[in-house]
>>> print(open('target.cif').read())   # mmCIF, C-alpha atoms and all ligand atoms
data_run
loop_
_atom_site.label_atom_id
_atom_site.label_comp_id
_atom_site.auth_asym_id
_atom_site.auth_seq_id
_atom_site.Cartn_x
_atom_site.Cartn_y
_atom_site.Cartn_z
CA MET A 565 -18.30 7.05 -14.57
CA ARG A 566 -16.87 3.90 -13.06
CA ASP A 567 -18.63 1.98 -10.30
CA LYS A 568 -17.51 1.79 -6.74
CA ILE A 569 -17.61 -1.79 -5.55
CA VAL A 570 -17.49 -3.57 -2.22
CA ALA A 571 -17.02 -7.29 -2.89
CA GLY A 572 -16.79 -10.05 -0.29
CA ASN A 573 -14.79 -13.15 -1.13
CA TRP A 574 -16.00 -15.70 1.39
CA LYS A 575 -13.37 -18.27 0.35
CA MET A 576 -13.97 -21.71 1.96
CA ASN A 577 -16.17 -20.36 4.73
CA LYS A 578 -19.88 -20.58 5.62
CA THR A 579 -22.16 -23.58 5.54
CA LEU A 580 -25.49 -23.31 3.76
CA PRO A 581 -27.43 -21.98 6.78
CA GLU A 582 -24.60 -19.57 7.61
CA SER A 583 -24.44 -18.37 4.03
CA LYS A 584 -28.20 -17.73 3.94
CA ALA A 585 -28.08 -15.89 7.26
CA LEU A 586 -25.19 -13.65 6.21
CA ILE A 587 -26.88 -12.62 2.97
CA LYS A 588 -30.11 -11.91 4.86
CA ASP A 589 -28.29 -9.78 7.41
CA ILE A 590 -26.43 -7.80 4.74
CA LYS A 591 -29.63 -7.30 2.77
CA ASN A 592 -31.54 -6.06 5.77
CA ALA A 593 -28.77 -3.76 6.90
CA ILE A 594 -28.49 -1.99 3.56
CA LYS A 595 -32.06 -2.02 2.32
CA ASN A 596 -32.62 1.65 3.12
CA GLU A 597 -29.22 2.87 2.02
CA GLU A 598 -28.75 5.14 -0.97
CA LEU A 599 -26.21 3.21 -3.00
CA GLN A 600 -25.86 5.16 -6.19
CA ASN A 601 -22.95 3.92 -8.29
CA ILE A 602 -22.06 1.49 -5.53
CA ARG A 603 -22.20 -2.24 -6.21
CA VAL A 604 -22.28 -4.83 -3.46
CA ILE A 605 -21.06 -8.30 -4.44
CA VAL A 606 -20.57 -11.45 -2.38
CA ALA A 607 -18.89 -14.67 -3.47
CA PRO A 608 -19.99 -17.75 -1.49
CA THR A 609 -18.58 -21.18 -2.17
CA PHE A 610 -19.94 -23.14 -5.18
CA VAL A 611 -22.41 -25.33 -3.29
CA ASN A 612 -24.12 -22.31 -1.77
CA LEU A 613 -24.37 -20.21 -4.93
CA ARG A 614 -27.83 -21.30 -5.99
CA SER A 615 -29.35 -20.47 -2.65
CA ALA A 616 -27.38 -17.21 -2.53
CA VAL A 617 -28.81 -16.13 -5.88
CA LYS A 618 -32.32 -16.81 -4.57
CA LYS A 619 -31.68 -15.07 -1.24
CA ALA A 620 -30.21 -11.99 -2.91
CA LYS A 621 -33.08 -11.59 -5.35
CA LYS A 622 -34.85 -8.23 -5.15
CA SER A 623 -31.88 -6.69 -3.38
CA VAL A 624 -28.81 -4.83 -4.58
CA VAL A 625 -26.58 -7.71 -3.51
CA GLU A 626 -24.97 -9.47 -6.48
CA ILE A 627 -23.56 -12.99 -6.36
CA ALA A 628 -20.19 -14.07 -7.74
CA ALA A 629 -18.45 -17.43 -8.01
CA GLN A 630 -14.89 -17.78 -6.73
CA ASN A 631 -13.53 -19.78 -9.69
CA MET A 632 -14.51 -21.57 -12.86
CA HIS A 633 -13.03 -24.06 -15.35
CA GLN A 634 -11.86 -22.92 -18.76
CA ALA A 635 -13.51 -25.71 -20.79
CA ASP A 636 -17.11 -25.76 -22.02
CA SER A 637 -17.82 -29.15 -20.42
CA GLY A 638 -16.35 -32.63 -20.27
CA ALA A 639 -14.26 -35.03 -18.22
CA TYR A 640 -12.91 -32.64 -15.57
CA THR A 641 -13.92 -34.26 -12.32
CA GLY A 642 -14.77 -31.78 -9.59
CA GLU A 643 -14.83 -28.75 -11.84
CA ILE A 644 -17.52 -26.16 -12.61
CA SER A 645 -18.17 -24.56 -16.00
CA ALA A 646 -19.21 -21.05 -16.95
CA GLU A 647 -22.50 -22.30 -18.34
CA MET A 648 -23.27 -24.10 -15.08
CA LEU A 649 -22.79 -20.83 -13.22
CA LYS A 650 -24.94 -18.99 -15.74
CA SER A 651 -27.66 -21.62 -15.49
CA ILE A 652 -28.15 -20.94 -11.77
CA GLY A 653 -28.20 -17.18 -12.20
CA VAL A 654 -24.59 -16.30 -11.35
CA LYS A 655 -23.34 -13.41 -13.49
CA ILE A 656 -19.89 -12.70 -12.03
CA VAL A 657 -16.80 -14.83 -11.44
CA ILE A 658 -13.59 -14.12 -9.53
CA LEU A 659 -10.54 -15.36 -11.44
CA GLY A 660 -6.85 -15.38 -10.62
CA HIS A 661 -7.05 -15.08 -6.86
CA SER A 662 -3.59 -15.51 -5.36
CA GLU A 663 -4.79 -18.56 -3.43
CA ARG A 664 -5.76 -20.21 -6.73
CA ARG A 665 -2.39 -19.22 -8.19
CA GLU A 666 -0.41 -20.42 -5.18
CA TYR A 667 -2.23 -23.56 -3.99
CA PHE A 668 -3.74 -24.76 -7.27
CA GLY A 669 -0.99 -23.82 -9.69
CA GLU A 670 -3.04 -21.39 -11.77
CA THR A 671 -0.74 -19.58 -14.17
CA ASP A 672 -1.21 -16.40 -16.17
CA SER A 673 -1.68 -18.41 -19.34
CA LEU A 674 -4.36 -20.63 -17.79
CA LEU A 675 -6.05 -17.54 -16.40
CA SER A 676 -6.15 -15.87 -19.78
CA LYS A 677 -8.10 -18.91 -21.05
CA LYS A 678 -10.45 -18.75 -18.09
CA VAL A 679 -11.06 -15.06 -18.72
CA ASP A 680 -11.89 -15.76 -22.37
CA GLN A 681 -14.24 -18.54 -21.41
CA ALA A 682 -16.01 -16.38 -18.84
CA LEU A 683 -16.43 -13.51 -21.28
CA ASN A 684 -17.64 -15.85 -24.03
CA SER A 685 -20.31 -16.99 -21.61
CA LYS A 686 -21.19 -13.38 -20.81
CA LEU A 687 -19.96 -13.54 -17.24
CA GLU A 688 -18.37 -10.48 -15.71
CA VAL A 689 -14.87 -11.13 -14.37
CA ILE A 690 -13.21 -9.89 -11.20
CA PHE A 691 -9.59 -10.45 -12.17
CA CYS A 692 -7.14 -10.67 -9.25
CA PHE A 693 -3.41 -10.15 -9.33
CA GLY A 694 -0.66 -8.83 -7.07
CA GLU A 695 2.91 -9.33 -6.03
CA VAL A 696 4.37 -11.51 -3.26
CA LEU A 697 6.52 -10.05 -0.49
CA GLU A 698 9.84 -10.89 -2.16
CA ASP A 699 8.77 -8.98 -5.27
CA ARG A 700 8.01 -5.92 -3.22
CA LYS A 701 11.22 -6.18 -1.23
CA SER A 702 13.24 -6.44 -4.41
CA GLU A 703 11.22 -3.59 -5.93
CA ASN A 704 9.92 -5.80 -8.70
CA HIS A 705 6.29 -5.26 -7.77
CA PHE A 706 5.44 -2.94 -10.68
CA LYS A 707 7.02 -5.32 -13.18
CA ILE A 708 5.21 -8.34 -11.74
CA VAL A 709 1.84 -6.61 -11.83
CA GLU A 710 2.48 -5.43 -15.37
CA SER A 711 3.30 -8.96 -16.51
CA GLN A 712 0.22 -10.43 -14.75
CA LEU A 713 -2.00 -7.91 -16.53
CA LYS A 714 -0.26 -8.33 -19.86
CA ASN A 715 -0.37 -12.13 -19.79
CA GLY A 716 -3.84 -12.44 -18.32
CA LEU A 717 -5.78 -9.62 -19.92
CA PHE A 718 -4.03 -7.57 -22.55
CA HIS A 719 -5.12 -9.88 -25.36
CA LEU A 720 -8.71 -8.75 -24.78
CA ARG A 721 -10.58 -6.59 -27.26
CA GLU A 722 -11.54 -3.06 -26.27
CA LYS A 723 -15.20 -3.99 -25.90
CA ASP A 724 -14.36 -6.80 -23.44
CA TRP A 725 -13.22 -4.31 -20.84
CA LYS A 726 -16.82 -3.37 -19.98
CA HIS A 727 -17.01 -6.80 -18.34
CA ILE A 728 -13.77 -6.64 -16.36
CA ILE A 729 -13.26 -5.52 -12.76
CA LEU A 730 -9.67 -5.48 -11.54
CA ALA A 731 -8.62 -6.44 -8.02
CA TYR A 732 -5.09 -5.59 -6.95
CA GLU A 733 -4.29 -7.83 -4.00
CA PRO A 734 -0.71 -7.73 -2.78
CA VAL A 735 -0.21 -11.27 -1.51
CA TRP A 736 1.72 -10.10 1.56
CA ALA A 737 -1.36 -8.19 2.72
CA ILE A 738 -3.90 -11.02 2.38
CA GLY A 739 -5.10 -12.42 5.68
CA THR A 740 -1.98 -11.13 7.41
CA GLY A 741 -3.42 -8.06 9.09
CA GLU A 742 -0.83 -6.08 7.19
CA THR A 743 -2.41 -3.67 4.72
CA ALA A 744 -0.76 -1.80 1.91
CA SER A 745 -0.74 1.84 2.96
CA PRO A 746 -3.31 3.98 1.15
CA GLU A 747 -0.37 5.57 -0.68
CA GLN A 748 1.02 2.19 -1.77
CA ALA A 749 -2.43 1.17 -3.02
CA GLN A 750 -2.92 4.45 -4.87
CA GLU A 751 0.55 4.26 -6.42
CA MET A 752 -0.14 0.79 -7.82
CA HIS A 753 -3.69 1.56 -8.93
CA LYS A 754 -2.47 4.63 -10.77
CA LEU A 755 0.14 2.55 -12.56
CA ILE A 756 -2.49 -0.05 -13.50
CA ARG A 757 -4.71 2.64 -15.01
CA LYS A 758 -1.72 4.04 -16.90
CA LEU A 759 -0.88 0.61 -18.32
CA ILE A 760 -4.44 0.20 -19.54
CA ALA A 761 -4.40 3.67 -21.09
CA GLU A 762 -1.14 2.81 -22.88
CA ASN A 763 -2.29 -0.59 -24.10
CA TYR A 764 -5.86 0.46 -24.92
CA ASN A 765 -7.00 4.04 -24.37
CA GLN A 766 -7.73 6.59 -21.67
CA SER A 767 -11.45 6.08 -21.73
CA ILE A 768 -11.17 2.34 -21.01
CA ALA A 769 -8.64 3.12 -18.28
CA ASN A 770 -10.98 5.68 -16.72
CA ASP A 771 -13.97 3.36 -16.80
CA VAL A 772 -12.49 0.21 -15.27
CA SER A 773 -13.06 -0.25 -11.53
CA ILE A 774 -9.89 -1.20 -9.66
CA LEU A 775 -10.44 -2.76 -6.24
CA TYR A 776 -7.86 -3.12 -3.52
CA GLY A 777 -7.72 -6.34 -1.49
CA GLY A 778 -5.66 -7.32 1.54
CA SER A 779 -6.70 -6.90 5.18
CA VAL A 780 -9.28 -4.20 4.49
CA LYS A 781 -11.24 -3.63 7.70
CA PRO A 782 -13.76 -1.10 9.00
CA THR A 783 -10.88 0.69 10.73
CA ASN A 784 -8.77 1.29 7.61
CA ALA A 785 -11.29 1.19 4.76
CA LYS A 786 -12.23 4.86 4.60
CA GLU A 787 -8.67 5.99 4.10
CA ILE A 788 -7.93 3.39 1.42
CA PHE A 789 -11.22 3.95 -0.41
CA SER A 790 -10.65 7.71 -0.41
CA LYS A 791 -7.73 7.38 -2.81
CA GLU A 792 -8.43 8.59 -6.32
CA ASP A 793 -7.73 5.37 -8.19
CA VAL A 794 -9.08 2.98 -5.55
CA ASP A 795 -12.67 2.14 -6.52
CA GLY A 796 -13.46 -0.21 -3.67
CA GLY A 797 -12.30 -3.43 -2.12
CA LEU A 798 -12.22 -7.18 -2.45
CA ILE A 799 -12.63 -8.27 1.12
CA GLY A 800 -11.83 -11.59 2.80
CA GLY A 801 -12.00 -11.81 6.59
CA ALA A 802 -14.10 -8.68 7.14
CA ALA A 803 -16.70 -9.91 4.64
CA LEU A 804 -17.64 -12.80 6.90
CA LYS A 805 -19.47 -10.68 9.49
CA ALA A 806 -22.44 -8.62 8.37
CA ASP A 807 -21.61 -5.67 10.67
CA ASP A 808 -18.05 -5.40 9.35
CA PHE A 809 -19.05 -5.81 5.73
CA VAL A 810 -21.80 -3.22 6.03
CA ALA A 811 -19.33 -0.85 7.68
CA LEU A 812 -17.16 -1.20 4.58
CA ILE A 813 -20.11 -0.33 2.36
CA GLN A 814 -20.70 2.77 4.55
CA ALA A 815 -17.02 3.62 4.23
CA ILE A 816 -17.18 3.88 0.45
CA LYS A 817 -20.17 6.22 0.34
P1 LIG B 1 -8.37 -10.54 3.65
O1 LIG B 1 -9.33 -9.35 3.56
O2 LIG B 1 -8.80 -11.56 4.63
O3 LIG B 1 -6.96 -10.09 3.80
O4 LIG B 1 -8.47 -11.27 2.21
C1 LIG B 1 -8.38 -10.52 1.06
C2 LIG B 1 -8.69 -11.40 -0.09
O5 LIG B 1 -7.95 -12.33 -0.39
C3 LIG B 1 -9.92 -11.14 -0.84
O6 LIG B 1 -9.96 -11.87 -2.02
#
>>> encode(input="target.cif", output="structure tokens")
Amino acid sequence: MRDKIVAGNWKMNKTLPESKALIKDIKNAIKNEELQNIRVIVAPTFVNLRSAVKKAKKSVVEIAAQNMHQADSGAYTGEISAEMLKSIGVKIVILGHSERREYFGETDSLLSKKVDQALNSKLEVIFCFGEVLEDRKSENHFKIVESQLKNGLFHLREKDWKHIILAYEPVWAIGTGETASPEQAQEMHKLIRKLIAENYNQSIANDVSILYGGSVKPTNAKEIFSKEDVDGGLIGGAALKADDFVALIQAIK
């Protein structure tokens, strides 16, 4: 059975004290919750990861990085390697976020290298993808998503898929207040599962968690999460306040 997941991508938000406080508040708010098959992940910025790992210890909260470099090590000023993440206790990395693709020129082919590097280092990957508004308007959204998956992930071996979480994030819905309707999310998630079944097999397709991301809030989460192929959310804005984030965890139960 696949996991349900509520993951917070904090992006470039929260100083060290703020990051510590938010993790503490989330931890306290969910410590008595029954969270069977539900994973709670937060992704603070690099400089706060070490403290986040320590703060989240002995709780269900898992810590993810927001990015990673594809090389083992070397002359890449300002970059962070998979082994560095591992060495501070981080076990999950978000790759392919649309903001990385758009503002930092990350392409499908670069991302496929990053995915390989993460998996080689035994990190779990939250792989993000999704179409921009023009693609949806021109009804190219299914094709775009298919090519992002194919170019980024479909070279993987069957056994690699145990370490992959997918996050469909239509770019037009990120930070805009505009959410894909639950039906639009379900339609895309169903297609994604079908593509995986076709390229691999039904059991891999059934087991992979597919998150939806883009303006998920306490007011719309329940409806989106109730869809058959939506296994949770990758949350931006609403992950920055403990009350909102905890409400999203409640919404998936
Ligand atoms: P918002 O929830 O702020 O729209 O951001 C979604 C996102 O980009 C998560 O990675």
>>> atom_distance(input="target.cif", atom1="atom O2 of ligand LIG 1 (chain B)", atom2="atom CA of Ser623 of chain A")
24.9 Å
>>> closest_residue(input="target.cif", among="A:Ile738, A:Ala629, A:Ile594, A:Val679", to="ligand LIG 1 (chain B)", atoms="all atoms listed in the file")
A:Ile738
>>> closest_atom_pairs(input="target.cif", of="chain A", to="ligand LIG 1 (chain B)", cutoff="7 Å", atoms="all atoms listed in the file", output="tab-separated table")
residue	atom	partner	partner_atom	distance
A:Gly572	CA	B:LIG1	C3	7.0
A:Asn573	CA	B:LIG1	O6	5.1
A:His661	CA	B:LIG1	O6	6.5
A:Glu733	CA	B:LIG1	O5	6.8
A:Ala737	CA	B:LIG1	O3	6.0
A:Ile738	CA	B:LIG1	O3	3.5
A:Gly739	CA	B:LIG1	O3	3.5
A:Thr740	CA	B:LIG1	O3	6.2
A:Gly741	CA	B:LIG1	O3	6.7
A:Gly777	CA	B:LIG1	C1	4.9
A:Gly778	CA	B:LIG1	O3	3.8
A:Ser779	CA	B:LIG1	O3	3.5
A:Val780	CA	B:LIG1	O1	5.2
A:Leu798	CA	B:LIG1	C3	4.9
A:Ile799	CA	B:LIG1	O1	4.2
A:Gly800	CA	B:LIG1	O4	3.4
A:Gly801	CA	B:LIG1	O2	3.8
A:Ala802	CA	B:LIG1	O1	6.0
>>> atom_distance(input="target.cif", atom1="atom CA of Met632 of chain A", atom2="atom CA of Val794 of chain A")
26.2 Å
>>> closest_residue(input="target.cif", among="A:Lys781, A:Pro734, A:Glu647, A:Ala682", to="Leu804 of chain A", atoms="only C-alpha atoms")
A:Lys781
>>> closest_residue(input="target.cif", among="A:Ala761, A:Val624, A:Ile708, A:Ala571", to="Ala731 of chain A", atoms="only C-alpha atoms")
A:Ala571
>>> closest_atom_pairs(input="target.cif", of="segment 652-722 of chain A", to="segment 769-776 of chain A", cutoff="10 Å", atoms="only C-alpha atoms", output="CSV")
residue,atom,partner,partner_atom,distance
A:Ile690,CA,A:Leu775,CA,9.1
A:Phe691,CA,A:Ile774,CA,9.6
A:Cys692,CA,A:Leu775,CA,9.1
A:Gly694,CA,A:Tyr776,CA,9.9
>>> closest_residue(input="target.cif", among="A:Phe693, A:Phe809, A:Tyr640, A:Phe610", to="Ile652 of chain A", atoms="all atoms listed in the file")
A:Phe610
>>> residues_around(input="target.cif", residues="segment 675-677 of chain A", least_positions_apart="5", cutoff="8 Å", atoms="all atoms listed in the file", output="list in words")
Gln634, Leu659, Gly660, Glu670, Asn715, Gly716 and Leu717 of chain A
>>> residues_near_point(input="target.cif", point="(-16.2, -23.1, -20.7)", cutoff="8 Å", atoms="only C-alpha atoms", output="list in words")
His633, Gln634, Ala635, Asp636, Ser637, Ser645, Ala646, Glu647, Lys678, Gln681, Ala682 and Ser685 of chain A
>>> atom_distance(input="target.cif", atom1="atom CA of Ile587 of chain A", atom2="atom CA of Gly797 of chain A")
18.0 Å
>>> closest_residue(input="target.cif", among="A:Glu695, A:Ser745, A:Gly796, A:Ser651", to="Leu730 of chain A", atoms="all atoms listed in the file")
A:Gly796
>>> residues_around(input="target.cif", residues="Ser583 of chain A", least_positions_apart="6", cutoff="8 Å", atoms="all atoms listed in the file", output="MDAnalysis selection string")
chainID A and resid 608 612 616
>>> write_last_selection(input="target.cif", atoms="C-alpha atoms", output="PDB file, in the coordinates of the input")
ATOM      1  CA  PRO A 608     -19.990 -17.750  -1.490  1.00  0.00           C
ATOM      2  CA  ASN A 612     -24.120 -22.310  -1.770  1.00  0.00           C
ATOM      3  CA  ALA A 616     -27.380 -17.210  -2.530  1.00  0.00           C
TER       4      ALA A 616
END
>>> build_atoms(input="target.cif", residues="segment 675-709 of chain A", atoms="N, CA and C atoms", output="JSON list (two decimals), keeping the file's coordinate frame")
[["chain", "number", "residue", "atom", "x", "y", "z"],
["A", 675, "LEU", "N", -5.06, -18.56, -16.77],
["A", 675, "LEU", "CA", -6.05, -17.54, -16.40],
["A", 675, "LEU", "C", -6.56, -16.78, -17.62],
["A", 676, "SER", "N", -5.67, -16.57, -18.58],
["A", 676, "SER", "CA", -6.15, -15.87, -19.78],
["A", 676, "SER", "C", -7.21, -16.71, -20.50],
["A", 677, "LYS", "N", -7.07, -18.04, -20.44],
["A", 677, "LYS", "CA", -8.10, -18.91, -21.05],
["A", 677, "LYS", "C", -9.40, -18.84, -20.25],
["A", 678, "LYS", "N", -9.25, -18.83, -18.92],
["A", 678, "LYS", "CA", -10.45, -18.75, -18.09],
["A", 678, "LYS", "C", -11.20, -17.43, -18.33],
["A", 679, "VAL", "N", -10.43, -16.36, -18.46],
["A", 679, "VAL", "CA", -11.06, -15.06, -18.72],
["A", 679, "VAL", "C", -11.83, -15.11, -20.03],
["A", 680, "ASP", "N", -11.20, -15.66, -21.07],
["A", 680, "ASP", "CA", -11.89, -15.76, -22.37],
["A", 680, "ASP", "C", -13.17, -16.57, -22.26],
["A", 681, "GLN", "N", -13.07, -17.67, -21.56],
["A", 681, "GLN", "CA", -14.24, -18.54, -21.41],
["A", 681, "GLN", "C", -15.37, -17.83, -20.67],
["A", 682, "ALA", "N", -15.00, -17.12, -19.61],
["A", 682, "ALA", "CA", -16.01, -16.38, -18.84],
["A", 682, "ALA", "C", -16.67, -15.33, -19.72],
["A", 683, "LEU", "N", -15.87, -14.57, -20.45],
["A", 683, "LEU", "CA", -16.43, -13.51, -21.28],
["A", 683, "LEU", "C", -17.28, -14.08, -22.42],
["A", 684, "ASN", "N", -16.83, -15.20, -22.99],
["A", 684, "ASN", "CA", -17.64, -15.85, -24.03],
["A", 684, "ASN", "C", -19.01, -16.25, -23.50],
["A", 685, "SER", "N", -19.04, -16.59, -22.22],
["A", 685, "SER", "CA", -20.31, -16.99, -21.61],
["A", 685, "SER", "C", -21.04, -15.81, -21.00],
["A", 686, "LYS", "N", -20.56, -14.62, -21.28],
["A", 686, "LYS", "CA", -21.19, -13.38, -20.81],
["A", 686, "LYS", "C", -21.19, -13.25, -19.28],
["A", 687, "LEU", "N", -20.15, -13.79, -18.68],
["A", 687, "LEU", "CA", -19.96, -13.54, -17.24],
["A", 687, "LEU", "C", -19.04, -12.32, -17.09],
["A", 688, "GLU", "N", -19.27, -11.59, -16.03],
["A", 688, "GLU", "CA", -18.37, -10.48, -15.71],
["A", 688, "GLU", "C", -17.23, -11.07, -14.88],
["A", 689, "VAL", "N", -16.03, -10.54, -15.05],
["A", 689, "VAL", "CA", -14.87, -11.13, -14.37],
["A", 689, "VAL", "C", -14.26, -10.16, -13.37],
["A", 690, "ILE", "N", -14.05, -10.63, -12.16],
["A", 690, "ILE", "CA", -13.21, -9.89, -11.20],
["A", 690, "ILE", "C", -11.83, -10.54, -11.29],
["A", 691, "PHE", "N", -10.90, -9.85, -11.91],
["A", 691, "PHE", "CA", -9.59, -10.45, -12.17],
["A", 691, "PHE", "C", -8.59, -9.99, -11.10],
["A", 692, "CYS", "N", -8.05, -10.98, -10.35],
["A", 692, "CYS", "CA", -7.14, -10.67, -9.25],
["A", 692, "CYS", "C", -5.68, -10.87, -9.64],
["A", 693, "PHE", "N", -4.86, -10.06, -9.07],
["A", 693, "PHE", "CA", -3.41, -10.15, -9.33],
["A", 693, "PHE", "C", -2.72, -9.38, -8.20],
["A", 694, "GLY", "N", -1.40, -9.54, -8.11],
["A", 694, "GLY", "CA", -0.66, -8.83, -7.07],
["A", 694, "GLY", "C", 0.64, -9.53, -6.78],
["A", 695, "GLU", "N", 1.57, -8.80, -6.24],
["A", 695, "GLU", "CA", 2.91, -9.33, -6.03],
["A", 695, "GLU", "C", 3.06, -10.01, -4.66],
["A", 696, "VAL", "N", 4.04, -10.92, -4.56],
["A", 696, "VAL", "CA", 4.37, -11.51, -3.26],
["A", 696, "VAL", "C", 5.41, -10.62, -2.56],
["A", 697, "LEU", "N", 5.66, -10.92, -1.30],
["A", 697, "LEU", "CA", 6.52, -10.05, -0.49],
["A", 697, "LEU", "C", 7.92, -9.88, -1.10],
["A", 698, "GLU", "N", 8.47, -11.00, -1.60],
["A", 698, "GLU", "CA", 9.84, -10.89, -2.16],
["A", 698, "GLU", "C", 9.88, -9.91, -3.34],
["A", 699, "ASP", "N", 8.82, -9.91, -4.13],
["A", 699, "ASP", "CA", 8.77, -8.98, -5.27],
["A", 699, "ASP", "C", 8.77, -7.53, -4.78],
["A", 700, "ARG", "N", 8.06, -7.30, -3.71],
["A", 700, "ARG", "CA", 8.01, -5.92, -3.22],
["A", 700, "ARG", "C", 9.36, -5.54, -2.61],
["A", 701, "LYS", "N", 9.92, -6.49, -1.86],
["A", 701, "LYS", "CA", 11.22, -6.18, -1.23],
["A", 701, "LYS", "C", 12.28, -5.90, -2.27],
["A", 702, "SER", "N", 12.22, -6.64, -3.38],
["A", 702, "SER", "CA", 13.24, -6.44, -4.41],
["A", 702, "SER", "C", 12.81, -5.37, -5.43],
["A", 703, "GLU", "N", 11.75, -4.67, -5.09],
["A", 703, "GLU", "CA", 11.22, -3.59, -5.93],
["A", 703, "GLU", "C", 10.84, -4.03, -7.33],
["A", 704, "ASN", "N", 10.38, -5.27, -7.41],
["A", 704, "ASN", "CA", 9.92, -5.80, -8.70],
["A", 704, "ASN", "C", 8.40, -5.76, -8.81],
["A", 705, "HIS", "N", 7.75, -5.14, -7.82],
["A", 705, "HIS", "CA", 6.29, -5.26, -7.77],
["A", 705, "HIS", "C", 5.59, -4.65, -8.99],
["A", 706, "PHE", "N", 6.10, -3.54, -9.50],
["A", 706, "PHE", "CA", 5.44, -2.94, -10.68],
["A", 706, "PHE", "C", 5.59, -3.86, -11.90],
["A", 707, "LYS", "N", 6.78, -4.43, -12.03],
["A", 707, "LYS", "CA", 7.02, -5.32, -13.18],
["A", 707, "LYS", "C", 6.13, -6.56, -13.12],
["A", 708, "ILE", "N", 6.02, -7.13, -11.91],
["A", 708, "ILE", "CA", 5.21, -8.34, -11.74],
["A", 708, "ILE", "C", 3.75, -8.05, -12.10],
["A", 709, "VAL", "N", 3.24, -6.96, -11.56],
["A", 709, "VAL", "CA", 1.84, -6.61, -11.83],
["A", 709, "VAL", "C", 1.64, -6.36, -13.33]]
